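Engineer: Got a structure here, written out as structure tokens. Questions coming.
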Amino acid sequence: MGDPLEVYRRKRDFTRTPEPSGRVKPGSGGRQFVVQRHRASRLHYDLRFEIDGVLVSWAVPKGPTLDPKVRRLAMHVEDHPIEYLHFEGVIPSGEYGGGDVIVWDAGTWEPVKTEDPRVAVAGGELHAEVRGEKLRGRLVLVRQDGSGDGDAWMLLHKRDEHAVEGWDPEEHPRSVLSGRTNEQVRACPDRIWRSDAPAAEAEVSLLPEPLPDEAIDELGRLGKAGTWEVFGRRLKVTNLDKVLFPGDPPVTKRELLAYTARVAPVALPYYEGRPLNLHRYPEGAAKKGFWHKQRPDHAPEWLGAWDNDEADEGESTTYVVADEPAALVWAANFGALEWHPWTSRTDAPHEPTYALVDLDPGTATSWDDLLVLARLHRTALGHLGVTAGAKVTGRRGIQIWVPITHGYSFADTRAWVEALSRTVGKVVPELVSWKWEVKERQGLARLDYTQNAINKTLVGPYSPRAASGAPVSVPISWDELDDPGLRPDRWTIRTVLDRLERVGDPFRSLLGVQQELPDL
């Protein structure tokens with residue numbers, strides 16, 4: 001028969017998708033089944049039966065039902081590995097089947113009218129007695145005559161003691177493993193559910209391991225200065241008790257370094273491989289800061305660097321590149337209270353990897369007004385089928401990051417974002433000004449597409465902001481735009497780590513996404 005998983009593996013890049021690569025498990029003799037609710041380009045349900053060490057699978061657009069009067073289309077698809085029984089998570093956009101998946105139902109089954117279900121499938125008719133948490137009783141799959149390559153089947157439920165007329169799968173939307181909906185899985189793409197673990201331990205974070213507490217304790221034991229070993233690097237840290245952010249109590253440099261070290265493993269994917277513009281405040285956030293782009297000569301040898309061969313006279317020639325967590329700690333120790341990564345990478349500085357929408361409030365823009373603009377962009381992007389993420393800035397604004405595939409220029413992303421935002425702006429012209437000069441905007445918001453340019457940057461995810469209380473720029477889920485408690489400076493370096501522990505990193509679903517910008 002060959003390898004029944006060959007087609008499955010050929011369609012997937014396992015360096016990007018969290019799906020199991022799996023293997024055939026011959027002789028398992030198992031009789032398990034699973035139904036996954038899968039929101040890909042279109043919502044559908046994947047019905048899978050364990051047969052001969054793999055999961056023989058059908059995609060059911062409208063989902064299986066207990067209603068004996070209903071006939072459902074079921075498309076026969078490639079076999080999947082047994083490990084897929086427990087797969088629940090987010091397949092990255094651009095990958096085969098990109099979208100969110102939950103284990104909608106699971107249980108055991110027995111073939112009926114055959115001793116060899118593989119032969120029954122080959123013959124075009126499978127009768128299955130299922131014992132799931134939602135589905136019970138007799139399911140029948142029949143291949144449709146004249147369906148070409150034989151992919152189109154019909155799924156029905158026999159009229160038996162488990163049949164329920166009018167039964168709709170969409171009225172039962174939660175996972176039988178985790179109790180989560182697809183929306184909740186999408187909002188936390190860095191969490192998976194281990195069905196083999198006790199309930200209290202079943203949810204597992206996929207985020208990088210944080211810095212051990214011992215390293216933070218070591219920082220606490222230092223005096224006003226000293227040498228701190230962090231992420232395998234030795235940093236000379238100074239002025240540890242200096243107040244950098246006013247507040248009650250104020251935030252010292254020691255606390256900033258501790259926060260940076262804890263958040264760096266999570267934040268690093270949004271900075272690595274990119275030139276870094278540093279907004280330095282050596283005297284703290286209460287004093288005026290300045291931009292620092294040139295990598296200093298005294299920087300340690302291990303600190304990443306990129307030479308800008310196109311620099312004109314007087315421009316920065318060498319930039320810091322944060323290719324490891326310790327680099328962000330170095331930046332904080334250097335007095336950089338804000339970290340601004342380039343939109344492009346050092347290997348292609350003229351090709352952005354994100355299109356950026358900057359919702360910049362005016363003096364007359366209320367928070368509710370800004371939320372209206374953000375929600376309208378959410379609606380527009382959803383209508384276009386574009387994967388994107390929102391982020392509060394830690395000051396007054398909201399940003400939207402749209403990951404894109406290789407080959408776009410900054411002129412491309414600037415034009416696309418302008419067209420998108422002007423379309424949104426037409427809906428609420430009373431909230432938006434397109435004037436360049438601030439004094440000419442009459443206090444209205446600006447939908448700033450001009451940030452899509454080389455060496456123009458927006459503050460990066462999990463960067464602090466130079467303001468009282470040390471607020472942080474934090475990625476949020478789209479649903480959080482409807483949270484009445486949301487504020488752009490809601491989280492600080494003292495609270496954002498608890499948020500990460502509780503809800504994870506919503507921007508994780510943007511990493512590695514290679515999508516084209518649709519025509520508008």
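Each chain in the structure tokens gets a letter, A, B and so on, in the order shown; residues start at 1 in every chain, and ligands are counted from 1 in the order they appear.
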Would you tabulate, counting only C-alpha atoms, all residues of region 405-428 of chain A that have an atom at most 12 Å from an atom of region 330-343 of chain A, showing the closest pair of atoms and their distance in Å to one decimal, sorted by chain then ascending number, as a Markdown table?
Structural biologist:
```
| residue | atom | partner | partner_atom | distance |
| --- | --- | --- | --- | --- |
| A:Tyr408 | CA | A:Thr343 | CA | 11.8 |
| A:Ser409 | CA | A:Thr343 | CA | 11.1 |
| A:Phe410 | CA | A:Thr343 | CA | 9.3 |
| A:Thr413 | CA | A:Thr343 | CA | 10.8 |
```
Engineer: Return as JSON lines the residues of region 197-292 of chain A lying at most 12 Å from region 457-462 of chain A, together with the closest atom-to-atom pair for each and the distance in Å to one decimal, counting only C-alpha atoms, with rows in chain order and ascending residue number.
Structural biologist:
```
{"residue": "A:Tyr259", "atom": "CA", "partner": "A:Tyr462", "partner_atom": "CA", "distance": 10.0}
{"residue": "A:Thr260", "atom": "CA", "partner": "A:Tyr462", "partner_atom": "CA", "distance": 8.9}
{"residue": "A:Ala261", "atom": "CA", "partner": "A:Tyr462", "partner_atom": "CA", "distance": 11.7}
{"residue": "A:Arg262", "atom": "CA", "partner": "A:Tyr462", "partner_atom": "CA", "distance": 10.8}
{"residue": "A:Val263", "atom": "CA", "partner": "A:Tyr462", "partner_atom": "CA", "distance": 7.3}
{"residue": "A:Ala264", "atom": "CA", "partner": "A:Tyr462", "partner_atom": "CA", "distance": 8.6}
{"residue": "A:Pro265", "atom": "CA", "partner": "A:Tyr462", "partner_atom": "CA", "distance": 10.8}
{"residue": "A:Val266", "atom": "CA", "partner": "A:Tyr462", "partner_atom": "CA", "distance": 8.6}
{"residue": "A:Ala267", "atom": "CA", "partner": "A:Tyr462", "partner_atom": "CA", "distance": 6.2}
{"residue": "A:Leu268", "atom": "CA", "partner": "A:Pro461", "partner_atom": "CA", "distance": 9.2}
{"residue": "A:Pro269", "atom": "CA", "partner": "A:Pro461", "partner_atom": "CA", "distance": 9.7}
{"residue": "A:Tyr270", "atom": "CA", "partner": "A:Pro461", "partner_atom": "CA", "distance": 7.0}
{"residue": "A:Tyr271", "atom": "CA", "partner": "A:Gly460", "partner_atom": "CA", "distance": 7.6}
{"residue": "A:Glu272", "atom": "CA", "partner": "A:Gly460", "partner_atom": "CA", "distance": 11.4}
{"residue": "A:Arg274", "atom": "CA", "partner": "A:Thr457", "partner_atom": "CA", "distance": 11.0}
{"residue": "A:Pro275", "atom": "CA", "partner": "A:Thr457", "partner_atom": "CA", "distance": 10.1}
{"residue": "A:Leu276", "atom": "CA", "partner": "A:Thr457", "partner_atom": "CA", "distance": 9.0}
{"residue": "A:Asn277", "atom": "CA", "partner": "A:Thr457", "partner_atom": "CA", "distance": 7.7}
{"residue": "A:Leu278", "atom": "CA", "partner": "A:Val459", "partner_atom": "CA", "distance": 9.7}
{"residue": "A:His279", "atom": "CA", "partner": "A:Val459", "partner_atom": "CA", "distance": 9.5}
{"residue": "A:Trp291", "atom": "CA", "partner": "A:Thr457", "partner_atom": "CA", "distance": 11.6}
```
Engineer: Generate a file of the selected residues that holds N, CA and C atoms, formatted as a PDB file, in the first residue's frame.
Structural biologist:
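Wrote it out as selection_11.pdb, contents follow:
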```pdb
ATOM      1  N   TYR A 259      12.709  43.127  34.440  1.00  0.00           N
ATOM      2  CA  TYR A 259      11.599  42.943  33.494  1.00  0.00           C
ATOM      3  C   TYR A 259      12.116  42.537  32.116  1.00  0.00           C
ATOM      4  N   THR A 260      13.122  43.252  31.627  1.00  0.00           N
ATOM      5  CA  THR A 260      13.638  42.975  30.285  1.00  0.00           C
ATOM      6  C   THR A 260      14.144  41.550  30.181  1.00  0.00           C
ATOM      7  N   ALA A 261      14.855  41.100  31.216  1.00  0.00           N
ATOM      8  CA  ALA A 261      15.389  39.736  31.186  1.00  0.00           C
ATOM      9  C   ALA A 261      14.270  38.703  31.183  1.00  0.00           C
ATOM     10  N   ARG A 262      13.191  38.992  31.876  1.00  0.00           N
ATOM     11  CA  ARG A 262      12.081  38.030  31.913  1.00  0.00           C
ATOM     12  C   ARG A 262      11.294  38.005  30.611  1.00  0.00           C
ATOM     13  N   VAL A 263      11.119  39.168  29.987  1.00  0.00           N
ATOM     14  CA  VAL A 263      10.279  39.231  28.787  1.00  0.00           C
ATOM     15  C   VAL A 263      11.079  38.957  27.520  1.00  0.00           C
ATOM     16  N   ALA A 264      12.407  39.065  27.574  1.00  0.00           N
ATOM     17  CA  ALA A 264      13.229  38.978  26.360  1.00  0.00           C
ATOM     18  C   ALA A 264      13.008  37.700  25.552  1.00  0.00           C
ATOM     19  N   PRO A 265      12.915  36.507  26.166  1.00  0.00           N
ATOM     20  CA  PRO A 265      12.702  35.316  25.335  1.00  0.00           C
ATOM     21  C   PRO A 265      11.405  35.346  24.534  1.00  0.00           C
ATOM     22  N   VAL A 266      10.353  35.965  25.101  1.00  0.00           N
ATOM     23  CA  VAL A 266       9.077  36.068  24.391  1.00  0.00           C
ATOM     24  C   VAL A 266       9.143  37.147  23.322  1.00  0.00           C
ATOM     25  N   ALA A 267       9.803  38.264  23.642  1.00  0.00           N
ATOM     26  CA  ALA A 267       9.841  39.403  22.725  1.00  0.00           C
ATOM     27  C   ALA A 267      10.808  39.200  21.565  1.00  0.00           C
ATOM     28  N   LEU A 268      11.827  38.376  21.759  1.00  0.00           N
ATOM     29  CA  LEU A 268      12.929  38.305  20.790  1.00  0.00           C
ATOM     30  C   LEU A 268      12.498  38.047  19.349  1.00  0.00           C
ATOM     31  N   PRO A 269      11.519  37.169  19.052  1.00  0.00           N
ATOM     32  CA  PRO A 269      11.165  36.934  17.644  1.00  0.00           C
ATOM     33  C   PRO A 269      10.732  38.183  16.886  1.00  0.00           C
ATOM     34  N   TYR A 270      10.331  39.231  17.576  1.00  0.00           N
ATOM     35  CA  TYR A 270       9.901  40.454  16.900  1.00  0.00           C
ATOM     36  C   TYR A 270      11.061  41.432  16.682  1.00  0.00           C
ATOM     37  N   TYR A 271      12.257  41.057  17.166  1.00  0.00           N
ATOM     38  CA  TYR A 271      13.426  41.925  17.056  1.00  0.00           C
ATOM     39  C   TYR A 271      14.588  41.274  16.312  1.00  0.00           C
ATOM     40  N   GLU A 272      14.725  39.957  16.433  1.00  0.00           N
ATOM     41  CA  GLU A 272      15.928  39.310  15.901  1.00  0.00           C
ATOM     42  C   GLU A 272      16.020  39.498  14.391  1.00  0.00           C
ATOM     43  N   ARG A 274      16.833  42.207  12.850  1.00  0.00           N
ATOM     44  CA  ARG A 274      16.396  43.534  12.420  1.00  0.00           C
ATOM     45  C   ARG A 274      17.282  44.613  13.040  1.00  0.00           C
ATOM     46  N   PRO A 275      17.630  45.657  12.274  1.00  0.00           N
ATOM     47  CA  PRO A 275      18.298  46.799  12.891  1.00  0.00           C
ATOM     48  C   PRO A 275      17.395  47.391  13.972  1.00  0.00           C
ATOM     49  N   LEU A 276      18.032  47.912  15.019  1.00  0.00           N
ATOM     50  CA  LEU A 276      17.275  48.377  16.180  1.00  0.00           C
ATOM     51  C   LEU A 276      17.548  49.858  16.419  1.00  0.00           C
ATOM     52  N   ASN A 277      16.471  50.652  16.402  1.00  0.00           N
ATOM     53  CA  ASN A 277      16.554  52.064  16.777  1.00  0.00           C
ATOM     54  C   ASN A 277      16.234  52.167  18.266  1.00  0.00           C
ATOM     55  N   LEU A 278      17.142  52.746  19.019  1.00  0.00           N
ATOM     56  CA  LEU A 278      16.988  52.828  20.467  1.00  0.00           C
ATOM     57  C   LEU A 278      16.573  54.239  20.871  1.00  0.00           C
ATOM     58  N   HIS A 279      15.527  54.344  21.685  1.00  0.00           N
ATOM     59  CA  HIS A 279      15.117  55.634  22.246  1.00  0.00           C
ATOM     60  C   HIS A 279      15.656  55.674  23.667  1.00  0.00           C
ATOM     61  N   TRP A 291      17.127  59.800  20.180  1.00  0.00           N
ATOM     62  CA  TRP A 291      17.282  58.589  19.380  1.00  0.00           C
ATOM     63  C   TRP A 291      18.760  58.230  19.262  1.00  0.00           C
TER      64      TRP A 291
END
```
Engineer: Apply DSSP to the backbone of this structure and, from region 83-259 of chain A, keep only the residues in alpha helix (DSSP H); write these as a PyMOL selection string.
Structural biologist: chain A and resi 117-123+182-187+213-221+253-259
Engineer: Under the rule that only C-alpha atoms are counted, which of A:Pro484, A:Pro212, A:Gly385, A:Pro282 is the nearest residue to Gly98 (chain A)?
Structural biologist: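 Of all the options, A:Gly385 lies closest to Gly98 (chain A).
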Engineer: Could you check which of A:Val101, A:Ile82, A:Ala74, A:Ala326 is closest to Ala40 (chain A), using only C-alpha atoms?
Structural biologist: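 Looking only at the distances to Ala40 (chain A), the closest residue turns out to be A:Val101.
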Engineer: Can you pull out the residues contacting region 121-126 of chain A? Cut-off 9 Å, using only C-alpha atoms, and skip same-chain residues under 2 positions away; I want them as a list in words.
Structural biologist: Val56, Pro111, Val112, Lys113, Thr114, Asp116, Pro117, Arg118, Val119, Ala128, Leu139, Val140, Leu141, Val142, Arg143, Gln144, Gly150 and Trp153 of chain A
Engineer: Using the selection just defined, write its residues with N, CA, C and O atoms as a CSV table (one decimal), in the first residue's frame.
Structural biologist:
```
chain,number,residue,atom,x,y,z
A,56,VAL,N,-8.2,7.8,8.8
A,56,VAL,CA,-8.8,8.0,7.5
A,56,VAL,C,-9.8,9.1,7.7
A,56,VAL,O,-10.6,9.1,8.6
A,111,PRO,N,-16.6,-0.7,13.4
A,111,PRO,CA,-17.1,-0.9,12.0
A,111,PRO,C,-18.3,-1.9,12.1
A,111,PRO,O,-18.4,-2.8,12.9
A,112,VAL,N,-19.3,-1.6,11.2
A,112,VAL,CA,-20.5,-2.4,11.1
A,112,VAL,C,-20.5,-2.9,9.7
A,112,VAL,O,-20.2,-2.2,8.7
A,113,LYS,N,-21.0,-4.2,9.5
A,113,LYS,CA,-21.2,-4.8,8.2
A,113,LYS,C,-19.9,-5.1,7.5
A,113,LYS,O,-19.9,-5.3,6.3
A,114,THR,N,-18.8,-5.1,8.2
A,114,THR,CA,-17.5,-5.4,7.6
A,114,THR,C,-16.5,-5.8,8.7
A,114,THR,O,-16.6,-5.3,9.8
A,116,ASP,N,-13.2,-5.6,7.8
A,116,ASP,CA,-12.1,-4.8,7.3
A,116,ASP,C,-12.5,-3.4,6.9
A,116,ASP,O,-12.9,-3.3,5.7
A,117,PRO,N,-12.5,-2.4,7.7
A,117,PRO,CA,-13.0,-1.1,7.3
A,117,PRO,C,-12.2,-0.5,6.2
A,117,PRO,O,-12.7,0.3,5.4
A,118,ARG,N,-10.9,-0.8,6.1
A,118,ARG,CA,-10.1,-0.3,4.9
A,118,ARG,C,-10.7,-0.8,3.6
A,118,ARG,O,-10.8,0.0,2.6
A,119,VAL,N,-11.1,-2.0,3.6
A,119,VAL,CA,-11.8,-2.6,2.4
A,119,VAL,C,-13.1,-1.9,2.1
A,119,VAL,O,-13.5,-1.6,1.0
A,128,ALA,N,-20.3,3.0,10.6
A,128,ALA,CA,-19.6,3.2,11.9
A,128,ALA,C,-20.5,3.4,13.1
A,128,ALA,O,-21.3,4.3,13.0
A,139,LEU,N,-23.3,6.1,12.1
A,139,LEU,CA,-22.9,7.0,11.0
A,139,LEU,C,-22.7,6.2,9.8
A,139,LEU,O,-22.1,5.1,9.9
A,140,VAL,N,-23.1,6.7,8.6
A,140,VAL,CA,-22.9,6.0,7.4
A,140,VAL,C,-22.2,7.0,6.4
A,140,VAL,O,-22.7,8.1,6.2
A,141,LEU,N,-21.1,6.5,5.8
A,141,LEU,CA,-20.5,7.3,4.7
A,141,LEU,C,-20.6,6.5,3.4
A,141,LEU,O,-20.2,5.3,3.3
A,142,VAL,N,-21.1,7.2,2.4
A,142,VAL,CA,-21.3,6.5,1.1
A,142,VAL,C,-20.7,7.4,0.0
A,142,VAL,O,-21.0,8.6,-0.1
A,143,ARG,N,-19.8,6.8,-0.8
A,143,ARG,CA,-19.2,7.5,-1.9
A,143,ARG,C,-20.2,7.8,-3.0
A,143,ARG,O,-21.1,7.0,-3.3
A,144,GLN,N,-20.2,9.1,-3.5
A,144,GLN,CA,-21.2,9.5,-4.5
A,144,GLN,C,-20.8,8.9,-5.9
A,144,GLN,O,-19.7,9.0,-6.3
A,150,GLY,N,-13.6,10.3,-6.9
A,150,GLY,CA,-14.1,9.5,-5.7
A,150,GLY,C,-14.0,10.3,-4.4
A,150,GLY,O,-14.2,9.7,-3.4
A,153,TRP,N,-18.3,12.2,-0.9
A,153,TRP,CA,-19.1,11.2,-0.2
A,153,TRP,C,-20.3,11.9,0.4
A,153,TRP,O,-20.4,13.1,0.5
```
Engineer: How would you write, as an MDAnalysis selection string, the set of residues in region 205-358 of chain A that DSSP gives as strand (DSSP E or B)?
Structural biologist: chainID A and resid 205 226:230 233:237 243:245 251:252 275:280 290:292 304:307 318:321 336:341 344:345 348:352 354:358
Engineer: Smallest atom-to-atom distance to Ala152 (chain A): which of A:Ala348, A:Ala445, A:Val77, A:Leu135, using only C-alpha atoms?
Structural biologist: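 The answer is A:Val77, which sits nearest to Ala152 (chain A).
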Engineer: Pick out the residues sitting within 12 Å of Thr252 (chain A), and hand them over as a PyMOL selection string; count only C-alpha atoms, and ignore anything fewer than 6 positions along from it in its own chain.
Structural biologist: chain A and resi 220+224+238-246+258-259+283-285+332-333+335+337+468-470+493-494
Engineer: Write the residues of the selection above to a file with N, CA and C atoms, as a PDB file, in the first residue's frame.
Structural biologist:
```
ATOM      1  N   GLY A 220      19.319  41.072  42.106  1.00  0.00           N
ATOM      2  CA  GLY A 220      18.872  41.718  43.331  1.00  0.00           C
ATOM      3  C   GLY A 220      19.963  41.812  44.380  1.00  0.00           C
ATOM      4  N   LYS A 224      24.962  48.853  43.832  1.00  0.00           N
ATOM      5  CA  LYS A 224      24.548  49.835  42.839  1.00  0.00           C
ATOM      6  C   LYS A 224      25.066  49.503  41.449  1.00  0.00           C
ATOM      7  N   THR A 238      25.152  49.127  35.703  1.00  0.00           N
ATOM      8  CA  THR A 238      25.486  50.302  36.513  1.00  0.00           C
ATOM      9  C   THR A 238      24.228  51.024  36.965  1.00  0.00           C
ATOM     10  N   ASN A 239      24.395  51.848  38.000  1.00  0.00           N
ATOM     11  CA  ASN A 239      23.312  52.730  38.477  1.00  0.00           C
ATOM     12  C   ASN A 239      22.003  51.982  38.714  1.00  0.00           C
ATOM     13  N   LEU A 240      22.093  50.825  39.364  1.00  0.00           N
ATOM     14  CA  LEU A 240      20.935  49.952  39.484  1.00  0.00           C
ATOM     15  C   LEU A 240      19.808  50.544  40.321  1.00  0.00           C
ATOM     16  N   ASP A 241      20.117  51.458  41.222  1.00  0.00           N
ATOM     17  CA  ASP A 241      19.076  52.040  42.068  1.00  0.00           C
ATOM     18  C   ASP A 241      18.575  53.372  41.527  1.00  0.00           C
ATOM     19  N   LYS A 242      19.008  53.736  40.334  1.00  0.00           N
ATOM     20  CA  LYS A 242      18.590  54.999  39.736  1.00  0.00           C
ATOM     21  C   LYS A 242      17.126  54.910  39.300  1.00  0.00           C
ATOM     22  N   VAL A 243      16.351  55.943  39.613  1.00  0.00           N
ATOM     23  CA  VAL A 243      14.943  55.998  39.202  1.00  0.00           C
ATOM     24  C   VAL A 243      14.872  56.334  37.716  1.00  0.00           C
ATOM     25  N   LEU A 244      14.235  55.463  36.930  1.00  0.00           N
ATOM     26  CA  LEU A 244      14.079  55.700  35.500  1.00  0.00           C
ATOM     27  C   LEU A 244      12.656  56.088  35.118  1.00  0.00           C
ATOM     28  N   PHE A 245      11.681  55.639  35.883  1.00  0.00           N
ATOM     29  CA  PHE A 245      10.279  55.959  35.598  1.00  0.00           C
ATOM     30  C   PHE A 245       9.647  56.503  36.877  1.00  0.00           C
ATOM     31  N   PRO A 246       9.086  57.712  36.833  1.00  0.00           N
ATOM     32  CA  PRO A 246       8.360  58.189  38.013  1.00  0.00           C
ATOM     33  C   PRO A 246       7.132  57.325  38.246  1.00  0.00           C
ATOM     34  N   ALA A 258      15.349  43.632  35.290  1.00  0.00           N
ATOM     35  CA  ALA A 258      14.693  42.375  35.650  1.00  0.00           C
ATOM     36  C   ALA A 258      13.521  42.090  34.718  1.00  0.00           C
ATOM     37  N   TYR A 259      12.709  43.127  34.440  1.00  0.00           N
ATOM     38  CA  TYR A 259      11.599  42.943  33.494  1.00  0.00           C
ATOM     39  C   TYR A 259      12.116  42.537  32.116  1.00  0.00           C
ATOM     40  N   GLU A 283      18.789  59.821  31.735  1.00  0.00           N
ATOM     41  CA  GLU A 283      18.393  60.464  32.991  1.00  0.00           C
ATOM     42  C   GLU A 283      16.983  60.064  33.409  1.00  0.00           C
ATOM     43  N   GLY A 284      16.394  59.108  32.711  1.00  0.00           N
ATOM     44  CA  GLY A 284      15.068  58.641  33.069  1.00  0.00           C
ATOM     45  C   GLY A 284      13.968  59.278  32.248  1.00  0.00           C
ATOM     46  N   ALA A 285      12.772  58.709  32.362  1.00  0.00           N
ATOM     47  CA  ALA A 285      11.643  59.124  31.522  1.00  0.00           C
ATOM     48  C   ALA A 285      11.163  60.535  31.829  1.00  0.00           C
ATOM     49  N   ALA A 332      18.555  47.838  27.462  1.00  0.00           N
ATOM     50  CA  ALA A 332      17.957  48.465  28.639  1.00  0.00           C
ATOM     51  C   ALA A 332      19.036  49.035  29.554  1.00  0.00           C
ATOM     52  N   ASN A 333      20.124  48.304  29.728  1.00  0.00           N
ATOM     53  CA  ASN A 333      21.230  48.783  30.559  1.00  0.00           C
ATOM     54  C   ASN A 333      21.895  50.018  29.946  1.00  0.00           C
ATOM     55  N   GLY A 335      20.383  52.386  28.659  1.00  0.00           N
ATOM     56  CA  GLY A 335      19.487  53.534  28.825  1.00  0.00           C
ATOM     57  C   GLY A 335      18.370  53.607  27.810  1.00  0.00           C
ATOM     58  N   LEU A 337      14.963  53.049  26.990  1.00  0.00           N
ATOM     59  CA  LEU A 337      13.683  52.720  27.614  1.00  0.00           C
ATOM     60  C   LEU A 337      12.666  52.242  26.597  1.00  0.00           C
ATOM     61  N   SER A 468       5.372  57.759  33.049  1.00  0.00           N
ATOM     62  CA  SER A 468       5.188  57.429  34.461  1.00  0.00           C
ATOM     63  C   SER A 468       4.586  56.037  34.622  1.00  0.00           C
ATOM     64  N   GLY A 469       5.138  55.265  35.548  1.00  0.00           N
ATOM     65  CA  GLY A 469       4.637  53.926  35.816  1.00  0.00           C
ATOM     66  C   GLY A 469       5.191  52.850  34.918  1.00  0.00           C
ATOM     67  N   ALA A 470       6.018  53.207  33.927  1.00  0.00           N
ATOM     68  CA  ALA A 470       6.631  52.250  32.997  1.00  0.00           C
ATOM     69  C   ALA A 470       5.602  51.406  32.266  1.00  0.00           C
ATOM     70  N   ILE A 493       5.452  47.329  33.289  1.00  0.00           N
ATOM     71  CA  ILE A 493       6.458  46.272  33.463  1.00  0.00           C
ATOM     72  C   ILE A 493       6.188  45.458  34.728  1.00  0.00           C
ATOM     73  N   ARG A 494       5.315  45.951  35.599  1.00  0.00           N
ATOM     74  CA  ARG A 494       4.976  45.212  36.818  1.00  0.00           C
ATOM     75  C   ARG A 494       3.787  44.277  36.635  1.00  0.00           C
TER      76      ARG A 494
END
```
Engineer: Output as a Markdown table one row per residue of region 331-392 of chain A within 7 Å of region 428-443 of chain A: the closest atom pair and its distance in Å to one decimal place, counting only C-alpha atoms, sorted by chain and residue number ascending.
Structural biologist:
```
| residue | atom | partner | partner_atom | distance |
| --- | --- | --- | --- | --- |
| A:Gly362 | CA | A:Gly443 | CA | 4.5 |
| A:Thr363 | CA | A:Gly443 | CA | 4.5 |
| A:Ala364 | CA | A:Gly443 | CA | 4.5 |
| A:Thr365 | CA | A:Gly443 | CA | 6.7 |
```
Engineer: Which residues, written as a list in words, have at least one atom at most 6 Å from Thr393 (chain A), with only C-alpha atoms counted and residues fewer than 2 positions away on the same chain left out?
Structural biologist: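 In the requested format, the answer is Arg395, Gly397, Ile398, Ser473 and Pro488 of chain A.
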Engineer: Would you kindly return, as a PyMOL selection string, each protein, DNA or RNA residue with an atom no farther than 6 Å from any atom of region 305-318 of chain A, considering only C-alpha atoms and excluding same-chain residues fewer than 3 positions away?
Structural biologist: chain A and resi 294-295+321
Engineer: Pick out the residues sitting within 10 Å of Gly137 (chain A), and hand them over as a list in words; count only C-alpha atoms, and ignore anything fewer than 4 positions along from it in its own chain.
Structural biologist: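 Using only C-alpha atoms, the neighbours found are Leu66, Trp109, Ala128, Glu129, Val130, Arg131, Gly132, His157, Lys158, Arg159, Asp160, Glu161, His162 and Ala163 of chain A.
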Engineer: For the residues selected in the previous step, produce a file with N, CA and C atoms as an mmCIF file, in the first residue's frame.
Structural biologist:
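Dumped everything to out-v6.cif:
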```
data_model
loop_
_atom_site.group_PDB
_atom_site.id
_atom_site.type_symbol
_atom_site.label_atom_id
_atom_site.label_comp_id
_atom_site.auth_asym_id
_atom_site.auth_seq_id
_atom_site.Cartn_x
_atom_site.Cartn_y
_atom_site.Cartn_z
ATOM 1 N N LEU A 66 -26.782 14.537 14.388
ATOM 2 C CA LEU A 66 -27.586 13.408 14.863
ATOM 3 C C LEU A 66 -28.947 13.362 14.192
ATOM 4 N N TRP A 109 -15.133 3.837 18.172
ATOM 5 C CA TRP A 109 -16.085 3.440 17.151
ATOM 6 C C TRP A 109 -15.861 1.976 16.801
ATOM 7 N N ALA A 128 -20.335 3.028 10.646
ATOM 8 C CA ALA A 128 -19.558 3.161 11.882
ATOM 9 C C ALA A 128 -20.482 3.425 13.060
ATOM 10 N N GLU A 129 -20.351 2.612 14.094
ATOM 11 C CA GLU A 129 -21.068 2.836 15.341
ATOM 12 C C GLU A 129 -20.143 3.675 16.235
ATOM 13 N N VAL A 130 -20.538 4.933 16.505
ATOM 14 C CA VAL A 130 -19.639 5.837 17.221
ATOM 15 C C VAL A 130 -20.129 6.047 18.649
ATOM 16 N N ARG A 131 -19.158 6.196 19.556
ATOM 17 C CA ARG A 131 -19.451 6.480 20.964
ATOM 18 C C ARG A 131 -18.590 7.672 21.381
ATOM 19 N N GLY A 132 -19.068 8.853 21.026
ATOM 20 C CA GLY A 132 -18.369 10.077 21.394
ATOM 21 C C GLY A 132 -19.109 10.823 22.481
ATOM 22 N N HIS A 157 -26.776 10.053 9.447
ATOM 23 C CA HIS A 157 -26.955 9.355 10.715
ATOM 24 C C HIS A 157 -28.211 8.498 10.606
ATOM 25 N N LYS A 158 -28.078 7.240 10.961
ATOM 26 C CA LYS A 158 -29.223 6.328 10.874
ATOM 27 C C LYS A 158 -30.287 6.718 11.911
ATOM 28 N N ARG A 159 -31.521 6.353 11.619
ATOM 29 C CA ARG A 159 -32.615 6.608 12.558
ATOM 30 C C ARG A 159 -32.578 5.519 13.633
ATOM 31 N N ASP A 160 -31.884 5.820 14.731
ATOM 32 C CA ASP A 160 -31.765 4.864 15.833
ATOM 33 C C ASP A 160 -32.052 5.576 17.146
ATOM 34 N N GLU A 161 -31.757 4.934 18.256
ATOM 35 C CA GLU A 161 -32.110 5.502 19.565
ATOM 36 C C GLU A 161 -31.346 6.787 19.880
ATOM 37 N N HIS A 162 -30.233 7.025 19.165
ATOM 38 C CA HIS A 162 -29.432 8.227 19.426
ATOM 39 C C HIS A 162 -29.772 9.374 18.482
ATOM 40 N N ALA A 163 -30.625 9.138 17.514
ATOM 41 C CA ALA A 163 -30.959 10.172 16.542
ATOM 42 C C ALA A 163 -31.752 11.302 17.204
#
```
Engineer: To one decimal in Å, tell me the separation between CA of Pro361 (chain A) and CA of Leu447 (chain A).
Structural biologist: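 Atom-to-atom, CA of Pro361 (chain A) and CA of Leu447 (chain A) are spaced 8.5 Å apart.
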Engineer: Find, counting only C-alpha atoms, the residue in A:Asp412, A:Leu235, A:Thr353, A:His76 that gets nearest to Leu219 (chain A).
Structural biologist: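 When distances to Leu219 (chain A) are compared using only C-alpha atoms, the smallest one comes from A:Leu235.
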